[in-house]
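Novice: Please see the structure below; I have some questions.
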Number of protein chains: 2
Amino acid sequence: MDGASPKVRFREPQIEMAHGAGGKASRRLVEGLFVPLLYDPARPPADRLGDAASLEVDGARLALTTDSFVVTPLRFPGGSIGELAVNGTVNDLAVSGATPVAIVTTFLLEAGLPTSELEAEVRAMAEAARRAGVAIVGGDTKVVEHGKTDRMYLTTTGLGRRMPGVSLASASVRPGDKVLVSGPIGDHGITILLARGELDLEADLRSDTRSVLPLVQAVVAAAAPSLRWMRDPTRGGVATSLNELVLECGLAIHLEEEAVPVRDEVRGACELLGLDPLHIANEGQFLAVVGPDHAEAALRALRAAPGGEAAALIGEVHQQPAAAVLATTRYGGSRIVDMLVGDPLPRIC
Amino acid sequence: MDGASPKVRFREPQIEMAHGAGGKASRRLVEGLFVPLLYDPARPPADRLGDAASLEVDGARLALTTDSFVVTPLRFPGGSIGELAVNGTVNDLAVSGATPVAIVTTFLLEAGLPTSELEAEVRAMAEAARRAGVAIVGGDTKVVEHGKTDRMYLTTTGLGRRMPGVSLASASVRPGDKVLVSGPIGDHGITILLARGELDLEADLRSDTRSVLPLVQAVVAAAAPSLRWMRDPTRGGVATSLNELVLECGLAIHLEEEAVPVRDEVRGACELLGLDPLHIANEGQFLAVVGPDHAEAALRALRAAPGGEAAALIGEVHQQPAAAVLATTRYGGSRIVDMLVGDPLPRIC
């Protein structure tokens with residue numbers, strides 16, 4: 001964009017499902033095509049790849065984030081696409097250290113969609129916005145022919161105000177810092193998988209979709225001076241989010257596998273399907289890296305907040321092995337935890 | 001959203017193409033379903049239905065707008081979906097009296113899309129953003145199965161800084177105010193129609209897609225104190241935009257039909273197809289209502305700016321008939337110009 005020809009390194013001939021899965025293939029597409037062509041090379045990488053961009057306009061410290069939602073089915077135990085579209089954007093702002101101010105939304109609708117389905121999702125959006133204390137201030141609607149979309153896709157964009165005293169950057173992470181998670185992982189991805197009814201599996205499981213803003217606020221209140229980094233591990237799961245962090249900071253994260261909260265139903269389904277809960281998407285959890293001086297306070301604050309009772313300290317930042325995530329298994333061994341590769345569970349958000 | 005049950009007045013059983021066409025059916029959906037359920041009733045109606053929402057965050061006077069783009073074909077004479085997605089959002093901000101600051105974008109891609117098609121659109125977006133002087137600061141990518149979308153849909157959201165000294169409101173429009181248009185109308189809609197090759201028609205026509213920001217800035221510099229209202233007449237065309245204005249302000253607009261600039265190719269195609277150029281979409285024009293004291297200055301400024309040479313004064317605001325748009329024909333008669341009804345040209349943006 002500065003006249004020099006930007007270096008496109010993405011060489012794959014066509015787009016595959018995995019390029020939208022949030023794992024390695026997504027990263028190749030974003031870093032190889034979008035970043036060189038689209039984004040200002042002067043911006044820090046975390047801004048180009050993270051949950052929200054930081055902006056300053058006339059002295060106001062803002063955050064801006066956008067996401068499209070294509071989950072199928074539209075409704076599932078614990079939530080629906082409308083609720084997900086609002087909470088997903090609220091959460092992207094929250095884990096970027098911003099308080100949501102306003103959301104705008106677009107509806108991409110299939111001709112023939114029953115109005116009752118649309119109305120249900122509009123109501124779900126309104127309710128999620130009300131709970132998160134954010135106003136929906138505008139939108140756009142497009143309708144395409146039957147068969148040119150799948151009932152309904154939503155896009156939400158959130159504008160937030162950055163929280164004073166919070167400074168998040170992967171570059172600020174140091175050996176000795178602790179890794180916290182706000183609750184049990186994998187509920188959302190496995191719930192969606194089961195809701196499709198393609199597997200002969202049943203489980204008493206609900207999506208974890210919710211606003212994490214109150215939990216983020218609790219951590220900020222307890223640990224802001226030592227709060228280094230936060231992320232909501234959606235597509236690609238905890239493993240992918242932590243790998244993104246270590247790629248950015250060059251350090252290692254050692255996870256204590258037994259400390260990671262996973263419901264029995266999720267663990268059981270993962271074992272049957274050959275999946276790792278660390279790769280399964282979440283929609284109501286977040287990861288936080290906190291300096292050792294405030295880690296206990298952050299954990300106490302999380303556990304004391306409604307919905308944070310199962311929060312856990314799951315790992316620590318080390319110097320070595322560089323840019324890697326290791327998990328110490330319950331049997332004392334350790335294994336490398338990679339980013340998600342491929343797309344075992346498409347369209348979970 | 002305040003506890004009382006909001007009044008949903010939209011009673012149509014299913015969503016049809018016309019609900020996305022920007023005309024009467026779109027208005028019924030937005031006013032009957034989205035406004036009562038989703039939007040804060042305390043906001044002024046123009047904000048809920050207009051091109052961009054106004055916000056104030058920590059003293060910064062902002063505008064926020066979002067649009068999805070589903071145009072088919074992806075590339076057409078004069079532009080492409082990527083360019084349209086950036087210019088459309090730049091223009092929504094500009095006609096709201098805001099200077100674009102940042103854009104975020106989502107890509108909704110069909111599995112199997114050739115990378116070359118995606119790369120072409122990413123390059124088009126980058127080029128349009130560079131021309132408009134706006135940074136693209138973030139995004140999201142989703143991929144859905146072949147047949148669940150139509151190659152590529154884009155959503156762009158723009159954050160703008162409201163121009164000082166500009167105060168736009170339909171309620172400020174007064175009898176005697178003049179209606180200006182920035183250039184010839186209908187080029188975009190007819191270009192898309194011809195590009196589909198379904199009609200046995202050819203014409204040397206290109207989409208008018210462009211950023212109108214420089215032209216808006218020229219009008220603002222020349223006429224800010226008397227600038228009442230602006231709008232880019234995209235879906236539904238000039239007729240729909242002006243009808244929305246008169247519905248809001250309760251006054252009448254008398255158009256001088258012969259004064260409305262329309263290229264011969266557009267007029268010819270419209271006559272053959274039984275369409276009214278006033279209903280055809282534009283992507284690089286805008287309407288402005290200016291008080292009589294500054295109307296000539298605004299027109300001169302527009303005509304002096306590159307790309308504004310064909311700007312014209314096309315009508316005047318009157319008291320009667322209330323909430324109606326009238327066109328005085330070249331034969332001296334007059335006719336009521338209604339909003340777009342139905343969707344004669346689907347997916348033009």
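Every chain in the structure tokens has a letter given in the order shown (A, B, ...), and although residue numbers restart at 1 in each chain, ligands are simply numbered from 1 in the order shown.
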What does chain B look like after a least-squares fit onto chain A on every Cα paired in order, written as a CSV table (one decimal) with C-alpha atoms, in the first residue's frame?
Specialist:
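File part.csv, as written:
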chain,number,residue,atom,x,y,z
B,1,MET,CA,0.1,0.0,0.1
B,2,ASP,CA,3.1,2.3,0.2
B,3,GLY,CA,3.9,1.9,-3.5
B,4,ALA,CA,6.2,-1.1,-3.0
B,5,SER,CA,4.6,-4.3,-4.1
B,6,PRO,CA,3.4,-6.1,-1.0
B,7,LYS,CA,4.6,-9.7,-0.5
B,8,VAL,CA,1.8,-12.1,-0.9
B,9,ARG,CA,3.0,-15.4,0.5
B,10,PHE,CA,-0.2,-17.3,0.4
B,11,ARG,CA,0.2,-19.8,-2.5
B,12,GLU,CA,-2.7,-22.3,-2.0
B,13,PRO,CA,-4.8,-22.4,-5.2
B,14,GLN,CA,-8.2,-22.3,-3.5
B,15,ILE,CA,-10.0,-21.5,-0.3
B,16,GLU,CA,-10.9,-24.6,1.8
B,17,MET,CA,-13.0,-25.0,5.0
B,18,ALA,CA,-9.8,-25.0,7.1
B,19,HIS,CA,-9.0,-21.4,6.1
B,20,GLY,CA,-12.0,-20.4,8.2
B,21,ALA,CA,-11.4,-22.7,11.1
B,22,GLY,CA,-9.1,-20.4,13.1
B,23,GLY,CA,-6.1,-22.7,13.1
B,24,LYS,CA,-3.0,-23.0,11.1
B,25,ALA,CA,-4.6,-22.6,7.7
B,26,SER,CA,-6.5,-19.4,8.8
B,27,ARG,CA,-3.2,-18.0,10.0
B,28,ARG,CA,-1.5,-18.7,6.6
B,29,LEU,CA,-4.4,-16.9,4.8
B,30,VAL,CA,-4.4,-13.9,7.1
B,31,GLU,CA,-0.6,-13.5,7.4
B,32,GLY,CA,0.1,-14.5,3.8
B,33,LEU,CA,-2.7,-12.5,2.0
B,34,PHE,CA,-4.7,-10.2,4.2
B,35,VAL,CA,-1.9,-8.7,6.2
B,36,PRO,CA,0.4,-7.8,3.4
B,37,LEU,CA,-2.3,-6.4,1.1
B,38,LEU,CA,-4.8,-4.9,3.4
B,39,TYR,CA,-3.4,-3.9,6.8
B,40,ASP,CA,-1.1,-1.0,7.5
B,41,PRO,CA,2.4,-2.5,8.0
B,42,ALA,CA,3.0,0.1,10.7
B,43,ARG,CA,0.4,-1.4,13.0
B,44,PRO,CA,1.6,-3.9,15.6
B,45,PRO,CA,1.0,-7.5,14.6
B,46,ALA,CA,-1.2,-8.2,17.6
B,47,ASP,CA,-3.5,-5.5,16.3
B,48,ARG,CA,-3.7,-7.1,12.8
B,49,LEU,CA,-4.4,-10.6,14.1
B,50,GLY,CA,-6.0,-10.0,17.5
B,51,ASP,CA,-9.5,-9.7,18.6
B,52,ALA,CA,-9.9,-6.0,18.2
B,53,ALA,CA,-8.0,-3.1,16.8
B,54,SER,CA,-6.9,-0.2,19.0
B,55,LEU,CA,-7.7,3.3,17.8
B,56,GLU,CA,-7.3,6.8,19.2
B,57,VAL,CA,-9.8,9.4,17.9
B,58,ASP,CA,-9.7,12.9,19.3
B,59,GLY,CA,-8.3,11.6,22.5
B,60,ALA,CA,-10.8,8.8,23.0
B,61,ARG,CA,-9.1,5.4,23.4
B,62,LEU,CA,-11.2,3.0,21.4
B,63,ALA,CA,-11.3,-0.6,20.2
B,64,LEU,CA,-13.1,-1.9,17.1
B,65,THR,CA,-13.8,-5.5,16.3
B,66,THR,CA,-15.9,-7.4,13.7
B,67,ASP,CA,-17.0,-11.0,13.2
B,68,SER,CA,-19.3,-12.9,10.9
B,69,PHE,CA,-21.4,-15.8,12.3
B,70,VAL,CA,-22.3,-18.9,10.2
B,71,VAL,CA,-23.1,-21.4,12.9
B,72,THR,CA,-25.3,-24.3,12.0
B,73,PRO,CA,-27.8,-25.2,13.4
B,74,LEU,CA,-29.1,-21.7,14.2
B,75,ARG,CA,-30.3,-22.8,17.6
B,76,PHE,CA,-28.6,-25.2,19.9
B,77,PRO,CA,-28.7,-26.1,23.6
B,78,GLY,CA,-27.7,-23.0,25.5
B,79,GLY,CA,-27.9,-20.4,22.8
B,80,SER,CA,-28.4,-19.5,19.2
B,81,ILE,CA,-26.7,-17.5,16.4
B,82,GLY,CA,-28.2,-14.2,17.4
B,83,GLU,CA,-27.0,-14.5,21.0
B,84,LEU,CA,-23.6,-15.7,19.8
B,85,ALA,CA,-23.2,-12.8,17.4
B,86,VAL,CA,-23.7,-10.3,20.2
B,87,ASN,CA,-21.7,-12.2,22.9
B,88,GLY,CA,-18.9,-13.0,20.5
B,89,THR,CA,-18.3,-9.3,19.7
B,90,VAL,CA,-18.8,-8.3,23.4
B,91,ASN,CA,-16.2,-10.8,24.3
B,92,ASP,CA,-13.7,-9.8,21.6
B,93,LEU,CA,-13.9,-6.3,23.1
B,94,ALA,CA,-13.7,-7.4,26.7
B,95,VAL,CA,-10.6,-9.6,26.2
B,96,SER,CA,-9.0,-6.7,24.4
B,97,GLY,CA,-9.4,-4.7,27.6
B,98,ALA,CA,-12.3,-2.6,26.2
B,99,THR,CA,-15.9,-2.0,27.5
B,100,PRO,CA,-18.5,-2.3,24.7
B,101,VAL,CA,-20.2,0.9,23.8
B,102,ALA,CA,-22.1,0.1,20.6
B,103,ILE,CA,-22.8,-2.7,18.2
B,104,VAL,CA,-23.9,-2.5,14.5
B,105,THR,CA,-25.1,-5.6,12.8
B,106,THR,CA,-25.8,-7.0,9.3
B,107,PHE,CA,-28.3,-9.7,8.4
B,108,LEU,CA,-27.7,-11.8,5.4
B,109,LEU,CA,-30.9,-13.7,4.8
B,110,GLU,CA,-32.1,-16.4,2.5
B,111,ALA,CA,-35.2,-15.7,0.5
B,112,GLY,CA,-38.0,-17.9,2.0
B,113,LEU,CA,-36.7,-17.7,5.6
B,114,PRO,CA,-39.7,-17.9,7.9
B,115,THR,CA,-40.1,-14.6,9.7
B,116,SER,CA,-40.4,-16.5,13.0
B,117,GLU,CA,-36.8,-17.7,12.7
B,118,LEU,CA,-35.6,-14.2,12.1
B,119,GLU,CA,-37.7,-12.7,14.9
B,120,ALA,CA,-36.3,-15.3,17.3
B,121,GLU,CA,-32.7,-14.3,16.5
B,122,VAL,CA,-33.5,-10.6,16.7
B,123,ARG,CA,-35.0,-11.1,20.1
B,124,ALA,CA,-31.9,-13.2,21.2
B,125,MET,CA,-29.6,-10.4,20.0
B,126,ALA,CA,-31.6,-7.7,21.9
B,127,GLU,CA,-31.6,-9.8,25.0
B,128,ALA,CA,-27.8,-10.5,24.8
B,129,ALA,CA,-27.2,-6.8,24.2
B,130,ARG,CA,-29.3,-5.8,27.2
B,131,ARG,CA,-27.4,-8.2,29.4
B,132,ALA,CA,-24.1,-6.9,28.2
B,133,GLY,CA,-25.2,-3.3,28.6
B,134,VAL,CA,-24.4,-2.4,25.0
B,135,ALA,CA,-26.6,-0.6,22.6
B,136,ILE,CA,-27.3,-1.9,19.1
B,137,VAL,CA,-27.2,1.3,17.0
B,138,GLY,CA,-27.6,0.4,13.4
B,139,GLY,CA,-27.6,-2.3,10.7
B,140,ASP,CA,-28.1,-3.5,7.2
B,141,THR,CA,-30.1,-6.3,5.6
B,142,LYS,CA,-29.4,-8.2,2.5
B,143,VAL,CA,-31.5,-11.0,1.1
B,144,VAL,CA,-30.2,-13.5,-1.4
B,145,GLU,CA,-31.9,-16.1,-3.5
B,146,HIS,CA,-32.8,-19.5,-1.9
B,147,GLY,CA,-29.7,-21.7,-2.1
B,148,LYS,CA,-27.2,-18.8,-2.1
B,149,THR,CA,-26.9,-18.7,1.7
B,150,ASP,CA,-27.8,-21.1,4.6
B,151,ARG,CA,-30.9,-19.5,6.2
B,152,MET,CA,-29.1,-16.7,8.0
B,153,TYR,CA,-25.6,-15.3,8.5
B,154,LEU,CA,-25.0,-12.4,10.9
B,155,THR,CA,-22.1,-10.0,11.2
B,156,THR,CA,-21.6,-7.8,14.3
B,157,THR,CA,-19.1,-5.1,14.8
B,158,GLY,CA,-18.4,-3.7,18.2
B,159,LEU,CA,-17.0,-0.3,19.3
B,160,GLY,CA,-15.5,-0.2,22.7
B,161,ARG,CA,-13.8,2.2,25.1
B,162,ARG,CA,-10.4,0.9,26.3
B,163,MET,CA,-10.3,0.4,30.1
B,164,PRO,CA,-8.0,2.8,31.8
B,165,GLY,CA,-5.0,1.2,33.5
B,166,VAL,CA,-5.2,-1.9,31.3
B,167,SER,CA,-2.3,-2.5,28.9
B,168,LEU,CA,-2.3,-5.8,27.1
B,169,ALA,CA,0.4,-7.0,24.8
B,170,SER,CA,1.9,-10.3,24.0
B,171,ALA,CA,5.3,-8.6,24.2
B,172,SER,CA,4.8,-7.9,27.9
B,173,VAL,CA,4.6,-11.6,28.8
B,174,ARG,CA,7.5,-12.8,30.9
B,175,PRO,CA,8.8,-16.2,32.2
B,176,GLY,CA,7.1,-16.9,35.5
B,177,ASP,CA,3.8,-15.4,34.4
B,178,LYS,CA,0.7,-17.6,35.1
B,179,VAL,CA,-2.0,-18.7,32.7
B,180,LEU,CA,-5.6,-18.7,33.9
B,181,VAL,CA,-8.7,-20.0,32.3
B,182,SER,CA,-12.2,-18.7,33.3
B,183,GLY,CA,-14.0,-22.1,33.3
B,184,PRO,CA,-14.4,-25.5,31.7
B,185,ILE,CA,-13.4,-25.7,28.0
B,186,GLY,CA,-14.9,-27.3,24.9
B,187,ASP,CA,-18.6,-27.1,25.8
B,188,HIS,CA,-19.5,-25.0,22.8
B,189,GLY,CA,-17.8,-27.0,20.1
B,190,ILE,CA,-19.0,-30.3,21.4
B,191,THR,CA,-22.6,-29.0,21.9
B,192,ILE,CA,-22.8,-27.8,18.3
B,193,LEU,CA,-21.4,-31.1,17.1
B,194,LEU,CA,-24.0,-33.1,19.0
B,195,ALA,CA,-26.8,-30.7,18.0
B,196,ARG,CA,-26.2,-31.6,14.4
B,197,GLY,CA,-27.4,-35.1,15.2
B,198,GLU,CA,-24.9,-36.7,12.7
B,199,LEU,CA,-23.2,-38.7,15.5
B,200,ASP,CA,-24.8,-41.4,17.5
B,201,LEU,CA,-23.9,-39.5,20.7
B,202,GLU,CA,-25.9,-37.8,23.3
B,203,ALA,CA,-24.7,-35.8,26.3
B,204,ASP,CA,-26.3,-33.4,28.8
B,205,LEU,CA,-24.3,-30.4,27.5
B,206,ARG,CA,-25.0,-26.8,26.7
B,207,SER,CA,-23.0,-24.2,24.9
B,208,ASP,CA,-21.0,-21.9,27.2
B,209,THR,CA,-22.0,-18.8,25.2
B,210,ARG,CA,-22.2,-15.8,27.4
B,211,SER,CA,-20.7,-12.4,27.9
B,212,VAL,CA,-17.4,-12.7,29.7
B,213,LEU,CA,-17.3,-8.9,30.4
B,214,PRO,CA,-18.2,-9.3,34.1
B,215,LEU,CA,-15.4,-11.9,34.6
B,216,VAL,CA,-12.9,-9.8,32.7
B,217,GLN,CA,-13.9,-6.8,34.8
B,218,ALA,CA,-13.2,-8.9,38.0
B,219,VAL,CA,-9.7,-9.8,36.7
B,220,VAL,CA,-9.0,-6.2,35.8
B,221,ALA,CA,-10.1,-5.0,39.2
B,222,ALA,CA,-7.9,-7.5,41.0
B,223,ALA,CA,-4.8,-7.6,38.8
B,224,ALA,CA,-4.7,-4.8,36.2
B,225,PRO,CA,-1.1,-3.8,36.9
B,226,SER,CA,0.1,-7.3,36.1
B,227,LEU,CA,-2.4,-8.3,33.5
B,228,ARG,CA,-0.4,-9.0,30.3
B,229,TRP,CA,-2.7,-10.6,27.8
B,230,MET,CA,-6.2,-12.0,27.4
B,231,ARG,CA,-7.9,-14.0,24.6
B,232,ASP,CA,-11.2,-15.8,24.2
B,233,PRO,CA,-10.3,-19.2,22.8
B,234,THR,CA,-13.1,-19.6,20.2
B,235,ARG,CA,-12.2,-21.3,16.8
B,236,GLY,CA,-9.1,-23.4,17.3
B,237,GLY,CA,-9.6,-23.6,21.1
B,238,VAL,CA,-7.2,-23.0,23.9
B,239,ALA,CA,-4.3,-24.6,22.0
B,240,THR,CA,-4.5,-22.3,19.1
B,241,SER,CA,-4.9,-19.1,21.2
B,242,LEU,CA,-1.9,-20.1,23.3
B,243,ASN,CA,0.2,-21.0,20.3
B,244,GLU,CA,-0.6,-17.6,18.8
B,245,LEU,CA,0.7,-16.0,22.0
B,246,VAL,CA,3.9,-18.0,22.1
B,247,LEU,CA,4.5,-17.2,18.4
B,248,GLU,CA,4.2,-13.5,19.2
B,249,CYS,CA,6.3,-13.4,22.4
B,250,GLY,CA,8.8,-16.2,21.5
B,251,LEU,CA,8.4,-17.9,25.0
B,252,ALA,CA,7.0,-21.2,26.1
B,253,ILE,CA,3.8,-22.1,27.9
B,254,HIS,CA,3.8,-25.2,30.1
B,255,LEU,CA,0.3,-26.4,30.7
B,256,GLU,CA,-0.6,-28.7,33.6
B,257,GLU,CA,-3.0,-30.9,31.7
B,258,GLU,CA,-4.8,-32.1,34.8
B,259,ALA,CA,-5.5,-28.5,35.9
B,260,VAL,CA,-7.4,-27.7,32.8
B,261,PRO,CA,-11.1,-27.9,33.6
B,262,VAL,CA,-13.0,-30.1,31.2
B,263,ARG,CA,-16.4,-31.6,31.8
B,264,ASP,CA,-16.7,-35.4,31.7
B,265,GLU,CA,-19.2,-35.2,28.8
B,266,VAL,CA,-16.7,-33.1,26.7
B,267,ARG,CA,-13.8,-35.4,27.6
B,268,GLY,CA,-15.8,-38.5,26.7
B,269,ALA,CA,-16.9,-37.1,23.4
B,270,CYS,CA,-13.4,-36.0,22.5
B,271,GLU,CA,-12.0,-39.4,23.4
B,272,LEU,CA,-14.6,-41.1,21.2
B,273,LEU,CA,-13.9,-38.8,18.3
B,274,GLY,CA,-10.2,-38.5,18.6
B,275,LEU,CA,-10.3,-34.8,19.4
B,276,ASP,CA,-8.3,-32.8,21.9
B,277,PRO,CA,-10.4,-30.6,24.2
B,278,LEU,CA,-7.7,-28.0,23.9
B,279,HIS,CA,-8.7,-27.7,20.2
B,280,ILE,CA,-12.4,-27.3,20.8
B,281,ALA,CA,-14.1,-23.9,20.5
B,282,ASN,CA,-15.4,-22.0,23.5
B,283,GLU,CA,-17.8,-19.0,23.4
B,284,GLY,CA,-18.0,-18.0,27.0
B,285,GLN,CA,-14.4,-18.5,28.4
B,286,PHE,CA,-11.2,-16.6,28.3
B,287,LEU,CA,-7.5,-17.0,29.0
B,288,ALA,CA,-5.5,-14.5,30.9
B,289,VAL,CA,-1.8,-14.3,31.5
B,290,VAL,CA,-1.0,-12.5,34.8
B,291,GLY,CA,2.3,-11.7,36.5
B,292,PRO,CA,3.1,-14.0,39.5
B,293,ASP,CA,2.5,-11.1,41.9
B,294,HIS,CA,-1.1,-10.8,41.0
B,295,ALA,CA,-2.0,-14.3,39.8
B,296,GLU,CA,-3.5,-15.6,43.0
B,297,ALA,CA,-5.6,-12.4,43.4
B,298,ALA,CA,-6.8,-12.7,39.8
B,299,LEU,CA,-7.8,-16.3,40.3
B,300,ARG,CA,-9.6,-15.5,43.6
B,301,ALA,CA,-11.5,-12.7,41.9
B,302,LEU,CA,-12.5,-14.9,39.0
B,303,ARG,CA,-13.7,-17.7,41.4
B,304,ALA,CA,-15.7,-15.2,43.5
B,305,ALA,CA,-17.5,-13.8,40.4
B,306,PRO,CA,-20.8,-15.5,39.3
B,307,GLY,CA,-20.0,-18.0,36.6
B,308,GLY,CA,-16.3,-18.0,37.4
B,309,GLU,CA,-16.4,-20.7,40.1
B,310,ALA,CA,-14.5,-23.2,38.0
B,311,ALA,CA,-11.7,-20.9,36.9
B,312,ALA,CA,-8.3,-22.4,37.2
B,313,LEU,CA,-4.6,-21.7,37.0
B,314,ILE,CA,-3.6,-24.0,34.2
B,315,GLY,CA,0.0,-23.2,33.3
B,316,GLU,CA,3.1,-21.0,33.5
B,317,VAL,CA,5.3,-19.1,31.0
B,318,HIS,CA,8.8,-20.4,30.6
B,319,GLN,CA,11.8,-19.4,28.5
B,320,GLN,CA,12.1,-22.8,26.7
B,321,PRO,CA,11.3,-24.4,24.3
B,322,ALA,CA,11.0,-21.2,22.3
B,323,ALA,CA,7.6,-20.4,20.8
B,324,ALA,CA,6.0,-23.7,21.9
B,325,VAL,CA,3.1,-24.9,24.1
B,326,LEU,CA,3.9,-28.0,26.2
B,327,ALA,CA,1.4,-30.0,28.2
B,328,THR,CA,2.5,-32.0,31.2
B,329,THR,CA,0.2,-35.1,31.2
B,330,ARG,CA,-1.3,-36.7,34.2
B,331,TYR,CA,1.2,-39.5,33.8
B,332,GLY,CA,4.1,-37.0,34.2
B,333,GLY,CA,5.2,-37.0,30.5
B,334,SER,CA,4.9,-34.0,28.3
B,335,ARG,CA,3.8,-33.3,24.8
B,336,ILE,CA,3.8,-30.5,22.3
B,337,VAL,CA,0.4,-28.9,21.9
B,338,ASP,CA,0.1,-27.6,18.4
B,339,MET,CA,-2.4,-25.2,16.8
B,340,LEU,CA,-5.5,-26.6,15.3
B,341,VAL,CA,-4.8,-28.2,11.9
B,342,GLY,CA,-7.6,-28.8,9.4
B,343,ASP,CA,-11.2,-28.2,10.4
B,344,PRO,CA,-12.8,-31.2,12.3
B,345,LEU,CA,-15.8,-29.1,13.4
B,346,PRO,CA,-16.8,-26.6,10.7
B,347,ARG,CA,-19.2,-23.7,11.3
B,348,ILE,CA,-19.3,-23.8,15.1
B,349,CYS,CA,-19.6,-19.9,15.3
Novice: Run DSSP on the backbone and give me the residues of segment 158-197 of chain B it puts in alpha helix (DSSP H), as a VMD selection string.
Specialist: chain B and resid 187 to 195
Novice: Extract the full set of strand (DSSP E) residues from segment 122-199 of chain B according to DSSP on the backbone, and format it as a list of chain:residue names.
Specialist: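 DSSP-assigned strand (DSSP E) residues in segment 122-199 of chain B: B:Ala135, B:Ile136, B:Val137, B:Gly138, B:Gly139, B:Asp140, B:Thr141, B:Lys142, B:Val143, B:Val144, B:Met152, B:Tyr153, B:Leu154, B:Thr155, B:Thr156, B:Thr157, B:Gly158, B:Leu159, B:Gly160, B:Arg161, B:Arg162, B:Lys178, B:Val179, B:Leu180, B:Val181.
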